[in-house]
$ cat model04.cif   # mmCIF, C-alpha atoms and all ligand atoms
data_start
#
loop_
_atom_site.group_PDB
_atom_site.id
_atom_site.type_symbol
_atom_site.label_atom_id
_atom_site.label_comp_id
_atom_site.auth_asym_id
_atom_site.auth_seq_id
_atom_site.Cartn_x
_atom_site.Cartn_y
_atom_site.Cartn_z
ATOM 1 C CA MET M 1 0.000 0.000 0.000
ATOM 2 C CA PRO M 2 1.403 3.457 -0.870
ATOM 3 C CA GLU M 3 1.735 5.811 2.106
ATOM 4 C CA ASP M 4 -0.753 8.658 2.446
ATOM 5 C CA VAL M 5 1.108 11.802 1.424
ATOM 6 C CA ILE M 6 -0.969 13.842 3.812
ATOM 7 C CA LEU M 7 -2.828 12.938 7.000
ATOM 8 C CA THR M 8 -5.885 14.778 8.276
ATOM 9 C CA ALA M 9 -7.403 14.956 11.737
ATOM 10 C CA ARG M 10 -9.808 17.088 13.740
ATOM 11 C CA ASP M 11 -9.511 18.623 17.173
ATOM 12 C CA GLY M 12 -12.800 20.345 17.977
ATOM 13 C CA ARG M 13 -13.248 23.133 15.427
ATOM 14 C CA VAL M 14 -9.639 22.791 14.214
ATOM 15 C CA GLY M 15 -8.811 20.823 11.062
ATOM 16 C CA ILE M 16 -5.248 19.479 11.070
ATOM 17 C CA ILE M 17 -3.324 18.600 7.902
ATOM 18 C CA THR M 18 0.039 16.849 8.284
ATOM 19 C CA LEU M 19 2.449 16.649 5.345
ATOM 20 C CA ASN M 20 3.597 13.051 5.280
ATOM 21 C CA ARG M 21 6.573 12.239 3.051
ATOM 22 C CA PRO M 22 9.095 12.054 5.907
ATOM 23 C CA LYS M 23 11.713 10.022 3.994
ATOM 24 C CA VAL M 24 12.206 12.917 1.568
ATOM 25 C CA LEU M 25 11.687 15.663 4.158
ATOM 26 C CA ASN M 26 8.155 16.289 2.852
ATOM 27 C CA ALA M 27 9.342 17.197 -0.647
ATOM 28 C CA LEU M 28 6.302 18.612 -2.384
ATOM 29 C CA ASN M 29 5.303 16.583 -5.442
ATOM 30 C CA ASP M 30 2.070 16.672 -7.433
ATOM 31 C CA ASP M 31 0.412 13.903 -5.424
ATOM 32 C CA LEU M 32 1.053 15.809 -2.212
ATOM 33 C CA MET M 33 -0.007 19.208 -3.571
ATOM 34 C CA ASN M 34 -3.170 17.739 -5.111
ATOM 35 C CA ALA M 35 -4.031 16.036 -1.824
ATOM 36 C CA LEU M 36 -3.222 19.188 0.134
ATOM 37 C CA GLY M 37 -5.501 21.290 -2.068
ATOM 38 C CA ALA M 38 -8.326 18.775 -1.669
ATOM 39 C CA ALA M 39 -7.896 18.599 2.121
ATOM 40 C CA LEU M 40 -7.762 22.387 2.498
ATOM 41 C CA THR M 41 -10.894 22.780 0.379
ATOM 42 C CA ALA M 42 -12.737 20.053 2.287
ATOM 43 C CA PHE M 43 -12.029 21.749 5.643
ATOM 44 C CA ASP M 44 -12.836 25.160 4.157
ATOM 45 C CA VAL M 45 -16.396 24.144 3.227
ATOM 46 C CA ASP M 46 -16.956 22.180 6.446
ATOM 47 C CA GLU M 47 -19.073 24.327 8.788
ATOM 48 C CA THR M 48 -17.822 22.441 11.841
ATOM 49 C CA ILE M 49 -14.258 23.641 11.178
ATOM 50 C CA GLY M 50 -13.151 27.198 12.015
ATOM 51 C CA VAL M 51 -9.374 27.114 11.541
ATOM 52 C CA ILE M 52 -6.972 24.881 9.598
ATOM 53 C CA VAL M 53 -3.512 23.915 10.894
ATOM 54 C CA LEU M 54 -0.814 22.801 8.447
ATOM 55 C CA GLU M 55 2.186 20.955 9.883
ATOM 56 C CA GLY M 56 5.091 18.760 8.823
ATOM 57 C CA SER M 57 7.337 16.528 10.902
ATOM 58 C CA ALA M 58 9.793 17.373 13.670
ATOM 59 C CA ARG M 59 12.654 17.374 11.109
ATOM 60 C CA ALA M 60 10.992 19.181 8.229
ATOM 61 C CA PHE M 61 7.913 21.228 7.527
ATOM 62 C CA ALA M 62 8.926 20.742 3.877
ATOM 63 C CA ALA M 63 12.302 20.868 2.100
ATOM 64 C CA GLY M 64 10.781 22.303 -1.068
ATOM 65 C CA ALA M 65 9.403 21.131 -4.376
ATOM 66 C CA ASP M 66 10.437 17.574 -5.278
ATOM 67 C CA ILE M 67 13.746 18.047 -7.102
ATOM 68 C CA ALA M 68 13.879 14.395 -8.195
ATOM 69 C CA VAL M 69 10.672 14.920 -10.177
ATOM 70 C CA MET M 70 11.483 18.410 -11.473
ATOM 71 C CA ALA M 71 14.930 17.375 -12.662
ATOM 72 C CA ASN M 72 13.532 15.800 -15.854
ATOM 73 C CA TRP M 73 11.002 18.457 -16.766
ATOM 74 C CA THR M 74 11.262 20.668 -19.837
ATOM 75 C CA TYR M 75 9.780 24.102 -20.394
ATOM 76 C CA SER M 76 6.902 22.514 -22.317
ATOM 77 C CA ASP M 77 6.201 20.124 -19.451
ATOM 78 C CA VAL M 78 5.854 22.888 -16.883
ATOM 79 C CA TYR M 79 4.101 25.361 -19.171
ATOM 80 C CA ASN M 80 1.597 22.884 -20.578
ATOM 81 C CA SER M 81 0.802 21.401 -17.179
ATOM 82 C CA ASN M 82 0.635 24.856 -15.540
ATOM 83 C CA PHE M 83 3.117 23.864 -12.821
ATOM 84 C CA ILE M 84 2.461 25.597 -9.451
ATOM 85 C CA THR M 85 -0.676 27.476 -10.586
ATOM 86 C CA ARG M 86 -2.527 24.201 -11.162
ATOM 87 C CA ASN M 87 -2.462 22.978 -7.568
ATOM 88 C CA TRP M 88 -0.098 24.951 -5.285
ATOM 89 C CA GLU M 89 -2.318 28.012 -5.461
ATOM 90 C CA ALA M 90 -5.360 26.215 -4.024
ATOM 91 C CA ILE M 91 -4.322 27.668 -0.656
ATOM 92 C CA ARG M 92 -5.020 31.198 -1.958
ATOM 93 C CA GLN M 93 -8.715 30.358 -2.282
ATOM 94 C CA ILE M 94 -9.074 29.193 1.328
ATOM 95 C CA ARG M 95 -11.291 31.606 3.265
ATOM 96 C CA LYS M 96 -10.726 30.292 6.790
ATOM 97 C CA PRO M 97 -7.543 31.116 8.719
ATOM 98 C CA VAL M 98 -4.683 28.706 7.988
ATOM 99 C CA ILE M 99 -1.931 28.367 10.604
ATOM 100 C CA ALA M 100 1.439 26.913 9.588
ATOM 101 C CA SER M 101 3.161 25.056 12.412
ATOM 102 C CA VAL M 102 6.819 24.834 11.411
ATOM 103 C CA ALA M 103 9.491 22.636 12.980
ATOM 104 C CA GLY M 104 12.780 21.942 11.207
ATOM 105 C CA LEU M 105 13.292 22.790 7.554
ATOM 106 C CA ALA M 106 11.044 25.121 5.577
ATOM 107 C CA LEU M 107 13.040 25.501 2.385
ATOM 108 C CA GLY M 108 12.132 26.621 -1.114
ATOM 109 C CA GLY M 109 8.544 25.656 -1.823
ATOM 110 C CA GLY M 110 8.222 24.634 1.839
ATOM 111 C CA CYS M 111 9.029 28.179 2.931
ATOM 112 C CA GLU M 112 6.714 29.525 0.226
ATOM 113 C CA LEU M 113 3.921 27.262 1.415
ATOM 114 C CA ALA M 114 4.357 28.576 4.960
ATOM 115 C CA LEU M 115 4.352 32.149 3.604
ATOM 116 C CA SER M 116 0.986 31.397 1.971
ATOM 117 C CA CYS M 117 -0.510 30.661 5.389
ATOM 118 C CA ASP M 118 -2.039 33.368 7.592
ATOM 119 C CA ILE M 119 -0.104 32.777 10.815
ATOM 120 C CA ILE M 120 3.263 31.000 11.064
ATOM 121 C CA ILE M 121 4.213 29.517 14.427
ATOM 122 C CA ALA M 122 7.725 28.096 14.527
ATOM 123 C CA GLY M 123 9.590 25.843 16.873
ATOM 124 C CA ARG M 124 13.110 26.976 17.760
ATOM 125 C CA SER M 125 14.476 24.301 15.385
ATOM 126 C CA ALA M 126 12.815 25.940 12.370
ATOM 127 C CA LYS M 127 14.941 27.071 9.435
ATOM 128 C CA PHE M 128 13.602 29.236 6.623
ATOM 129 C CA GLY M 129 15.284 29.672 3.264
ATOM 130 C CA LEU M 130 14.730 30.065 -0.457
ATOM 131 C CA PRO M 131 17.660 28.117 -1.946
ATOM 132 C CA GLU M 132 16.166 27.746 -5.450
ATOM 133 C CA ILE M 133 18.967 29.876 -6.917
ATOM 134 C CA LYS M 134 21.417 27.067 -6.079
ATOM 135 C CA LEU M 135 19.466 24.855 -8.511
ATOM 136 C CA GLY M 136 19.379 27.452 -11.295
ATOM 137 C CA LEU M 137 15.723 28.092 -10.464
ATOM 138 C CA LEU M 138 13.952 30.869 -8.580
ATOM 139 C CA PRO M 139 11.366 30.976 -5.788
ATOM 140 C CA GLY M 140 8.439 30.521 -8.125
ATOM 141 C CA ALA M 141 5.670 29.540 -5.729
ATOM 142 C CA GLY M 142 5.019 33.117 -4.648
ATOM 143 C CA GLY M 143 8.313 33.572 -2.780
ATOM 144 C CA THR M 144 9.576 36.549 -4.776
ATOM 145 C CA GLN M 145 6.278 38.330 -4.074
ATOM 146 C CA ARG M 146 5.282 37.299 -0.543
ATOM 147 C CA LEU M 147 8.751 37.471 1.037
ATOM 148 C CA PRO M 148 9.431 41.164 0.247
ATOM 149 C CA ARG M 149 5.918 42.018 1.397
ATOM 150 C CA ALA M 150 6.657 40.191 4.666
ATOM 151 C CA ILE M 151 10.215 41.313 5.437
ATOM 152 C CA GLY M 152 11.041 44.114 2.994
ATOM 153 C CA LYS M 153 13.173 44.192 -0.148
ATOM 154 C CA ALA M 154 16.645 44.265 1.447
ATOM 155 C CA LYS M 155 16.173 41.149 3.562
ATOM 156 C CA ALA M 156 14.203 39.386 0.812
ATOM 157 C CA MET M 157 16.909 40.014 -1.786
ATOM 158 C CA ASP M 158 19.516 38.764 0.675
ATOM 159 C CA MET M 159 17.612 35.520 1.214
ATOM 160 C CA CYS M 160 16.746 34.959 -2.470
ATOM 161 C CA LEU M 161 20.071 35.930 -4.071
ATOM 162 C CA THR M 162 22.371 34.268 -1.537
ATOM 163 C CA ALA M 163 20.212 31.295 -0.456
ATOM 164 C CA ARG M 164 20.787 32.431 3.125
ATOM 165 C CA VAL M 165 18.875 30.351 5.677
ATOM 166 C CA LEU M 166 17.313 32.061 8.702
ATOM 167 C CA ASP M 167 16.873 30.401 12.052
ATOM 168 C CA ALA M 168 13.609 30.852 13.929
ATOM 169 C CA ALA M 169 14.850 33.780 16.020
ATOM 170 C CA GLU M 170 16.004 35.706 12.921
ATOM 171 C CA ALA M 171 12.819 34.881 11.047
ATOM 172 C CA ASP M 172 10.832 36.187 14.016
ATOM 173 C CA ARG M 173 12.917 39.353 14.228
ATOM 174 C CA TYR M 174 12.458 40.045 10.501
ATOM 175 C CA GLY M 175 8.692 39.538 10.635
ATOM 176 C CA LEU M 176 8.698 36.447 8.419
ATOM 177 C CA ILE M 177 6.855 34.486 11.100
ATOM 178 C CA SER M 178 4.324 35.267 13.799
ATOM 179 C CA ARG M 179 5.671 33.516 16.923
ATOM 180 C CA VAL M 180 8.476 31.242 18.131
ATOM 181 C CA VAL M 181 7.936 28.581 20.776
ATOM 182 C CA ASP M 182 9.873 25.625 22.143
ATOM 183 C CA ASP M 183 9.705 22.608 19.840
ATOM 184 C CA GLU M 184 8.408 20.449 22.675
ATOM 185 C CA THR M 185 5.334 22.643 22.999
ATOM 186 C CA LEU M 186 4.900 23.620 19.335
ATOM 187 C CA ARG M 187 1.971 21.302 18.624
ATOM 188 C CA GLU M 188 0.232 22.019 21.924
ATOM 189 C CA GLN M 189 0.624 25.776 21.526
ATOM 190 C CA THR M 190 -0.422 25.707 17.875
ATOM 191 C CA LEU M 191 -3.576 23.747 18.668
ATOM 192 C CA ALA M 192 -4.401 25.991 21.635
ATOM 193 C CA LEU M 193 -4.008 29.087 19.472
ATOM 194 C CA ALA M 194 -6.023 27.503 16.656
ATOM 195 C CA ALA M 195 -8.817 26.514 19.057
ATOM 196 C CA SER M 196 -8.918 30.018 20.464
ATOM 197 C CA VAL M 197 -9.205 31.590 16.982
ATOM 198 C CA ALA M 198 -11.735 28.944 15.911
ATOM 199 C CA SER M 199 -13.993 29.907 18.829
ATOM 200 C CA PHE M 200 -14.601 33.314 17.213
ATOM 201 C CA SER M 201 -17.335 33.946 14.657
ATOM 202 C CA ALA M 202 -16.432 32.082 11.459
ATOM 203 C CA PRO M 203 -17.923 34.665 9.067
ATOM 204 C CA ALA M 204 -16.157 37.469 10.970
ATOM 205 C CA LEU M 205 -12.855 35.582 10.685
ATOM 206 C CA MET M 206 -13.312 35.047 6.952
ATOM 207 C CA ALA M 207 -14.187 38.698 6.367
ATOM 208 C CA LEU M 208 -11.230 39.792 8.495
ATOM 209 C CA LYS M 209 -8.818 37.562 6.573
ATOM 210 C CA GLU M 210 -10.136 38.985 3.317
ATOM 211 C CA CYS M 211 -9.631 42.544 4.606
ATOM 212 C CA VAL M 212 -6.019 41.960 5.676
ATOM 213 C CA ASN M 213 -5.197 40.245 2.371
ATOM 214 C CA ARG M 214 -6.766 43.181 0.538
ATOM 215 C CA ALA M 215 -4.000 45.363 2.023
ATOM 216 C CA PHE M 216 -1.585 43.680 -0.388
ATOM 217 C CA GLU M 217 -3.819 43.985 -3.435
ATOM 218 C CA SER M 218 -5.110 47.553 -3.323
ATOM 219 C CA THR M 219 -4.410 51.202 -2.582
ATOM 220 C CA LEU M 220 -4.928 52.411 1.000
ATOM 221 C CA SER M 221 -8.181 54.197 0.172
ATOM 222 C CA GLU M 222 -9.582 51.173 -1.691
ATOM 223 C CA GLY M 223 -8.490 48.885 1.138
ATOM 224 C CA VAL M 224 -10.024 51.103 3.804
ATOM 225 C CA LEU M 225 -13.269 51.298 1.820
ATOM 226 C CA PHE M 226 -13.325 47.489 1.540
ATOM 227 C CA GLU M 227 -12.687 47.203 5.281
ATOM 228 C CA ARG M 228 -15.442 49.691 6.075
ATOM 229 C CA ARG M 229 -18.005 47.779 3.972
ATOM 230 C CA GLU M 230 -16.977 44.531 5.694
ATOM 231 C CA LEU M 231 -17.341 46.219 9.084
ATOM 232 C CA HIS M 232 -20.806 47.492 8.176
ATOM 233 C CA ALA M 233 -21.759 43.979 7.017
ATOM 234 C CA ARG M 234 -20.872 42.591 10.468
ATOM 235 C CA PHE M 235 -23.906 44.454 11.816
ATOM 236 C CA ALA M 236 -26.097 42.195 9.684
ATOM 237 C CA THR M 237 -24.825 39.095 11.517
ATOM 238 C CA SER M 238 -26.278 37.503 14.630
ATOM 239 C CA ASP M 239 -22.720 36.779 15.831
ATOM 240 C CA ALA M 240 -21.900 40.491 16.125
ATOM 241 C CA ARG M 241 -25.126 41.046 18.070
ATOM 242 C CA GLU M 242 -24.269 38.099 20.326
ATOM 243 C CA GLY M 243 -20.646 39.212 20.808
ATOM 244 C CA MET M 244 -21.626 42.703 21.916
ATOM 245 C CA GLN M 245 -24.577 41.508 24.043
ATOM 246 C CA ALA M 246 -22.293 39.004 25.771
ATOM 247 C CA PHE M 247 -19.847 41.772 26.601
ATOM 248 C CA MET M 248 -22.638 43.938 28.019
ATOM 249 C CA GLN M 249 -23.950 41.011 30.072
ATOM 250 C CA LYS M 250 -20.447 40.079 31.288
ATOM 251 C CA ARG M 251 -20.598 36.535 29.890
ATOM 252 C CA GLN M 252 -18.821 34.525 27.212
ATOM 253 C CA PRO M 253 -20.394 34.827 23.733
ATOM 254 C CA ALA M 254 -22.030 31.765 22.180
ATOM 255 C CA PHE M 255 -21.333 32.285 18.492
ATOM 256 C CA GLU M 256 -23.452 30.374 15.992
ATOM 257 C CA HIS M 257 -21.235 31.288 13.058
ATOM 258 C CA ARG M 258 -24.046 33.163 11.380
HETATM 259 C C1 LIG M 301 13.423 15.828 -3.363
HETATM 260 C C2 LIG M 301 14.538 15.792 -1.348
HETATM 261 C C3 LIG M 301 14.380 17.201 -1.215
HETATM 262 C C4 LIG M 301 13.689 17.894 -2.260
HETATM 263 C C5 LIG M 301 15.459 16.472 0.498
HETATM 264 N N1 LIG M 301 15.193 15.403 -0.257
HETATM 265 N N2 LIG M 301 14.975 17.577 -0.061
HETATM 266 N N3 LIG M 301 14.059 15.130 -2.399
HETATM 267 N N4 LIG M 301 13.244 17.156 -3.296
HETATM 268 N N5 LIG M 301 13.477 19.214 -2.223
HETATM 269 C C6 LIG M 301 15.558 14.003 0.004
HETATM 270 C C7 LIG M 301 17.032 13.727 -0.188
HETATM 271 O O1 LIG M 301 17.308 13.497 -1.550
HETATM 272 C C8 LIG M 301 17.207 12.485 0.646
HETATM 273 O O2 LIG M 301 16.705 11.381 -0.061
HETATM 274 C C9 LIG M 301 16.272 12.713 1.822
HETATM 275 O O3 LIG M 301 15.319 13.715 1.379
HETATM 276 C C10 LIG M 301 16.970 13.267 3.039
HETATM 277 O O4 LIG M 301 17.722 14.400 2.643
HETATM 278 P P1 LIG M 301 19.308 14.539 2.897
HETATM 279 O O5 LIG M 301 19.838 15.468 1.876
HETATM 280 O O6 LIG M 301 19.954 13.194 2.986
HETATM 281 O O7 LIG M 301 19.309 15.196 4.350
HETATM 282 P P2 LIG M 301 20.333 16.243 4.946
HETATM 283 O O8 LIG M 301 21.741 15.819 4.666
HETATM 284 O O9 LIG M 301 19.904 16.442 6.360
HETATM 285 O O10 LIG M 301 20.089 17.603 4.120
HETATM 286 C C11 LIG M 301 18.847 18.259 4.236
HETATM 287 C C12 LIG M 301 18.759 19.370 3.178
HETATM 288 C C13 LIG M 301 19.011 18.788 1.772
HETATM 289 C C14 LIG M 301 19.785 20.457 3.487
HETATM 290 C C15 LIG M 301 17.365 19.965 3.260
HETATM 291 O O11 LIG M 301 18.180 17.630 1.599
HETATM 292 C C16 LIG M 301 18.665 19.755 0.690
HETATM 293 O O12 LIG M 301 19.443 20.664 0.377
HETATM 294 N N6 LIG M 301 17.518 19.557 0.038
HETATM 295 C C17 LIG M 301 17.074 20.410 -1.056
HETATM 296 C C18 LIG M 301 16.534 21.724 -0.533
HETATM 297 C C19 LIG M 301 16.136 22.616 -1.688
HETATM 298 O O13 LIG M 301 16.957 22.967 -2.556
HETATM 299 N N7 LIG M 301 14.861 22.989 -1.699
HETATM 300 C C20 LIG M 301 14.322 23.835 -2.771
HETATM 301 C C21 LIG M 301 13.787 22.961 -3.876
HETATM 302 S S1 LIG M 301 13.258 23.889 -5.269
HETATM 303 P P3 LIG M 301 17.536 10.001 -0.151
HETATM 304 O O14 LIG M 301 16.708 9.161 -1.063
HETATM 305 O O15 LIG M 301 18.881 10.388 -0.668
HETATM 306 O O16 LIG M 301 17.570 9.525 1.264
HETATM 307 C C22 LIG M 301 11.767 24.482 -4.820
HETATM 308 C C23 LIG M 301 11.075 25.318 -5.869
HETATM 309 C C24 LIG M 301 9.665 25.679 -5.485
HETATM 310 O O17 LIG M 301 11.288 24.268 -3.775
HETATM 311 C C25 LIG M 301 9.109 26.722 -6.392
HETATM 312 C C26 LIG M 301 8.888 26.310 -7.801
HETATM 313 C C27 LIG M 301 10.074 26.484 -8.683
#
$ encode --input "model04.cif" --output "structure tokens"
Amino acid sequence: MPEDVILTARDGRVGIITLNRPKVLNALNDDLMNALGAALTAFDVDETIGVIVLEGSARAFAAGADIAVMANWTYSDVYNSNFITRNWEAIRQIRKPVIASVAGLALGGGCELALSCDIIIAGRSAKFGLPEIKLGLLPGAGGTQRLPRAIGKAKAMDMCLTARVLDAAEADRYGLISRVVDDETLREQTLALAASVASFSAPALMALKECVNRAFESTLSEGVLFERRELHARFATSDAREGMQAFMQKRQPAFEHR
């Protein structure tokens, strides 16, 4: 029996996806990226799930696209099959918050996959790099676009042009990731954070994620207008009524995700 290239599990309102090609440090091949896209989409449309966690193994979140497979491809192969766009970009369509939980290596496409997530929590063992230049390639899964937006041009150029690898503390300092925790508590802390976010109103979370992402796609005035319309729309939801009533009544809100 072939091994499952991803594993899925649930913990309350949290959907957990584990990359599972440990022998090749979770190298990202088509089977894995197709399965990842399907799993993300399945959790995204599941009303019992509020937040999705994406994790690898203790040694590697993912060491990049599968070089053994790419090594034989020609331009026609990648152009005709729409490499990357075809399946890697499924994560862009996900409306619920996605949290990357990174231990060990996040290199090349693995780093780019983490950068596509909304929150990145790293264990102290985590290493982030875009070493594609060493292969005569370039960070073509969004890395040249998301990294400078995350850490600025100077640091992004340094990482891309020199293949420099950052440890978790540097990545945290540069703003590439959200938080650093001890490896021993990474899973526990990720799941606790995910559960806490998942307890909030699901439609409010989705609207909020869309607003923040809009900051990268629009002018300030367009982005602020979009945000304002999304804020106004919250007043049409029962969750906003419940959240504010609960505050007034000094009790915890009971969101119905409506
Ligand atoms: C395929 C990979 C792999 C990868 C590791 N492996 N990374 N296979 N694709 N990206 C395999 C190794 O071949 C090896 O298989 C096994 O995983 C363990 O790796 P080792 O090299 O033996 O481990 P170690 O000595 O600890 O070195 C770890 C490492 C090194 C530093 C991460 O494996 C490495 O440099 N990997 C490539 C990293 C990289 O360049 N990533 C970017 C890829 S390009 P065997 O069978 O020998 O045991 C990319 C582009 C995305 O991501 C965007 C689109 C263009």
$ residues_near_ligand --input "model04.cif" --ligand "ligand LIG 301 (chain M)" --cutoff "10 Å" --atoms "all atoms listed in the file" --output "ChimeraX atom specification"
/M:21-29,59-60,62-71,78,83-84,88,104-113,127,129-144,163
$ residues_around --input "model04.cif" --residues "Asn20 of chain M" --least-positions-apart "3" --cutoff "7 Å" --atoms "only C-alpha atoms" --output "ChimeraX atom specification"
/M:4-7,26,56
$ closest_residue --input "model04.cif" --among "M:Lys155, M:Ala202, M:Arg164, M:Asn87" --to "Asp30 of chain M" --atoms "all atoms listed in the file"
M:Asn87
$ residues_near_point --input "model04.cif" --point "(-2.2, 19.5, -8.3)" --cutoff "10 Å" --atoms "all atoms listed in the file" --output "ChimeraX atom specification"
/M:29-38,81-90
$ closest_residue --input "model04.cif" --among "M:Ser57, M:Ser238, M:Thr8, M:Gln93" --to "Ser201 of chain M" --atoms "all atoms listed in the file"
M:Ser238
$ resolve_selection --input "model04.cif" --expression "the PyMOL selection byres (((chain M and resi 242) around 10) and not hetatm)" --output "PDB file with C-alpha atoms, keeping the file's coordinate frame"
ATOM      1  CA  SER M 201     -17.335  33.946  14.657  1.00  0.00           C
ATOM      2  CA  THR M 237     -24.825  39.095  11.517  1.00  0.00           C
ATOM      3  CA  SER M 238     -26.278  37.503  14.630  1.00  0.00           C
ATOM      4  CA  ASP M 239     -22.720  36.779  15.831  1.00  0.00           C
ATOM      5  CA  ALA M 240     -21.900  40.491  16.125  1.00  0.00           C
ATOM      6  CA  ARG M 241     -25.126  41.046  18.070  1.00  0.00           C
ATOM      7  CA  GLY M 243     -20.646  39.212  20.808  1.00  0.00           C
ATOM      8  CA  MET M 244     -21.626  42.703  21.916  1.00  0.00           C
ATOM      9  CA  GLN M 245     -24.577  41.508  24.043  1.00  0.00           C
ATOM     10  CA  ALA M 246     -22.293  39.004  25.771  1.00  0.00           C
ATOM     11  CA  PHE M 247     -19.847  41.772  26.601  1.00  0.00           C
ATOM     12  CA  MET M 248     -22.638  43.938  28.019  1.00  0.00           C
ATOM     13  CA  GLN M 252     -18.821  34.525  27.212  1.00  0.00           C
ATOM     14  CA  PRO M 253     -20.394  34.827  23.733  1.00  0.00           C
ATOM     15  CA  ALA M 254     -22.030  31.765  22.180  1.00  0.00           C
ATOM     16  CA  PHE M 255     -21.333  32.285  18.492  1.00  0.00           C
ATOM     17  CA  GLU M 256     -23.452  30.374  15.992  1.00  0.00           C
TER      18      GLU M 256
END
$ atom_distance --input "model04.cif" --atom1 "atom CA of Leu208 of chain M" --atom2 "atom CA of Val53 of chain M"
17.8 Å
$ resolve_selection --input "model04.cif" --expression "the PyMOL selection byres (((chain M and resi 11) around 12) and not hetatm)" --output "list in words"
Thr8, Ala9, Arg10, Gly12, Arg13, Val14, Gly15, Ile16, Ile17, Thr48, Ile49, Gly50, Val51, Ile52, Val53, Arg187, Glu188, Thr190, Leu191, Ala192, Ala194, Ala195, Ser196 and Ala198 of chain M
$ write_last_selection --input "model04.cif" --atoms "C-alpha atoms" --output "JSON list (two decimals), in the frame of the given file"
[["chain", "number", "residue", "atom", "x", "y", "z"],
["M", 8, "THR", "CA", -5.88, 14.78, 8.28],
["M", 9, "ALA", "CA", -7.40, 14.96, 11.74],
["M", 10, "ARG", "CA", -9.81, 17.09, 13.74],
["M", 12, "GLY", "CA", -12.80, 20.34, 17.98],
["M", 13, "ARG", "CA", -13.25, 23.13, 15.43],
["M", 14, "VAL", "CA", -9.64, 22.79, 14.21],
["M", 15, "GLY", "CA", -8.81, 20.82, 11.06],
["M", 16, "ILE", "CA", -5.25, 19.48, 11.07],
["M", 17, "ILE", "CA", -3.32, 18.60, 7.90],
["M", 48, "THR", "CA", -17.82, 22.44, 11.84],
["M", 49, "ILE", "CA", -14.26, 23.64, 11.18],
["M", 50, "GLY", "CA", -13.15, 27.20, 12.02],
["M", 51, "VAL", "CA", -9.37, 27.11, 11.54],
["M", 52, "ILE", "CA", -6.97, 24.88, 9.60],
["M", 53, "VAL", "CA", -3.51, 23.92, 10.89],
["M", 187, "ARG", "CA", 1.97, 21.30, 18.62],
["M", 188, "GLU", "CA", 0.23, 22.02, 21.92],
["M", 190, "THR", "CA", -0.42, 25.71, 17.88],
["M", 191, "LEU", "CA", -3.58, 23.75, 18.67],
["M", 192, "ALA", "CA", -4.40, 25.99, 21.64],
["M", 194, "ALA", "CA", -6.02, 27.50, 16.66],
["M", 195, "ALA", "CA", -8.82, 26.51, 19.06],
["M", 196, "SER", "CA", -8.92, 30.02, 20.46],
["M", 198, "ALA", "CA", -11.74, 28.94, 15.91]]
$ atom_distance --input "model04.cif" --atom1 "atom CA of Leu161 of chain M" --atom2 "atom CA of Glu217 of chain M"
25.2 Å
$ resolve_selection --input "model04.cif" --expression "the PyMOL selection byres (((chain M and resi 179-184) around 9) and not hetatm)" --output "list in words"
Ala58, Ala103, Ile119, Ile120, Ile121, Ala122, Gly123, Arg124, Ser125, Ala126, Ala168, Ala169, Asp172, Ile177, Ser178, Thr185, Leu186, Arg187, Glu188 and Gln189 of chain M
$ build_atoms --input "model04.cif" --residues "segment 195-202 of chain M" --atoms "N, CA, C and O atoms" --output "short mmCIF file (atom, residue, chain, number, x, y, z; two decimals), keeping the file's coordinate frame"
data_model
loop_
_atom_site.label_atom_id
_atom_site.label_comp_id
_atom_site.auth_asym_id
_atom_site.auth_seq_id
_atom_site.Cartn_x
_atom_site.Cartn_y
_atom_site.Cartn_z
N ALA M 195 -7.51 26.69 18.40
CA ALA M 195 -8.82 26.51 19.06
C ALA M 195 -9.37 27.86 19.51
O ALA M 195 -10.56 28.13 19.38
N SER M 196 -8.47 28.70 20.01
CA SER M 196 -8.92 30.02 20.46
C SER M 196 -9.45 30.84 19.28
O SER M 196 -10.53 31.44 19.36
N VAL M 197 -8.73 30.84 18.16
CA VAL M 197 -9.20 31.59 16.98
C VAL M 197 -10.51 30.97 16.46
O VAL M 197 -11.46 31.68 16.12
N ALA M 198 -10.56 29.64 16.46
CA ALA M 198 -11.74 28.94 15.91
C ALA M 198 -12.99 29.17 16.75
O ALA M 198 -14.10 28.92 16.28
N SER M 199 -12.82 29.65 17.99
CA SER M 199 -13.99 29.91 18.83
C SER M 199 -14.68 31.21 18.43
O SER M 199 -15.81 31.47 18.81
N PHE M 200 -14.00 32.05 17.66
CA PHE M 200 -14.60 33.31 17.21
C PHE M 200 -15.58 33.05 16.07
O PHE M 200 -15.61 31.95 15.50
N SER M 201 -16.33 34.08 15.72
CA SER M 201 -17.34 33.95 14.66
C SER M 201 -16.66 33.62 13.32
O SER M 201 -15.81 34.38 12.83
N ALA M 202 -17.06 32.50 12.72
CA ALA M 202 -16.43 32.08 11.46
C ALA M 202 -16.61 33.11 10.34
O ALA M 202 -15.62 33.43 9.64
#
